[in-house]
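K.L.:
Here it is: the structure, laid out below.
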Amino acid sequence: MKLKTFCVILATLFALPLCCKADISLTLIPPTTEIPDDDEPANKKHRTPPAPVLCFIDFETKTVSFSSLSIGEVEEYLIYDETGETCIADYDNAIEFVVALGNLSGEYCIRFLTINGYYTGYINL
C-alpha cells in the first residue's frame, strides 16, 4: 500500500497523511544576536531567505528526518499549541516525540532545537 503524504509550503501543513507519514516544511529561526549599528545604509546587504527545509515524520518507524543535512543533530523536539506560544511537551529524542504526536489531534506548532537555532513548522493531526 502506497503511503499518502502531503507537503507544506511556507510552514503550513494542510492535512495529515491518511496512513503513517507526515511531511512538514520548516523555517529556521536563528538564535538572537546583537546587530551593530550601521550608520551607512549603502553598506547594508540584503540576503535571500533560505529555502524551507522539509521534515519527514514516520509514525510507523517512529523516526524524524530532514531534507537537508545542514540541520545537524536535533537537541530538543518541542510541541507547542496552534499559536506557537505555549509549549505543551519537550522531548530529547525522536521516538518519544513521534509517539506523543501520534496521540494528539488538532493543529500544533512543532519546533526542533539545533545548534543553528529553531526549525519551526505546523502540523494538523
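FYI, nothing fancy with the C-alpha cells labels: chains A, B, ... in order, residues from 1 per chain, ligands from 1 as they appear.
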List the neighbours of Tyr80 (chain A) out to 9 Å using only C-alpha atoms; skip same-chain residues closer than 4 positions along the sequence, and give me the result as a ChimeraX atom specification.

P.N.:
/A:84-90,108-111

K.L.:
Between CA of Glu96 (chain A) and CA of Gly117 (chain A), measure the distance and give it in Å to one decimal.

P.N.:
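Separation of CA of Glu96 (chain A) and CA of Gly117 (chain A): 21.2 Å.
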
K.L.:
With only C-alpha atoms as the atoms that count, which of A:Val74, A:Val64, A:Leu69, A:Val53 lies nearest to Leu101 (chain A)?

P.N.:
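Checking each of A:Val74, A:Val64, A:Leu69, A:Val53 against Leu101 (chain A), counting only C-alpha atoms, the winner is A:Val64.
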
K.L.:
Which residue out of A:Phe112, A:Phe66, A:Tyr119, A:Phe59 has the minimum interatomic distance to Asp92 (chain A) when only C-alpha atoms are used?

P.N.:
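Of all the options, A:Phe112 lies closest to Asp92 (chain A).
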
K.L.:
In Å, rounded to a single decimal, give me how far CA of Thr120 (chain A) is from CA of Tyr91 (chain A).

P.N.:
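Computing the Euclidean distance for CA of Tyr91 (chain A) and CA of Thr120 (chain A) yields 15.0 Å.
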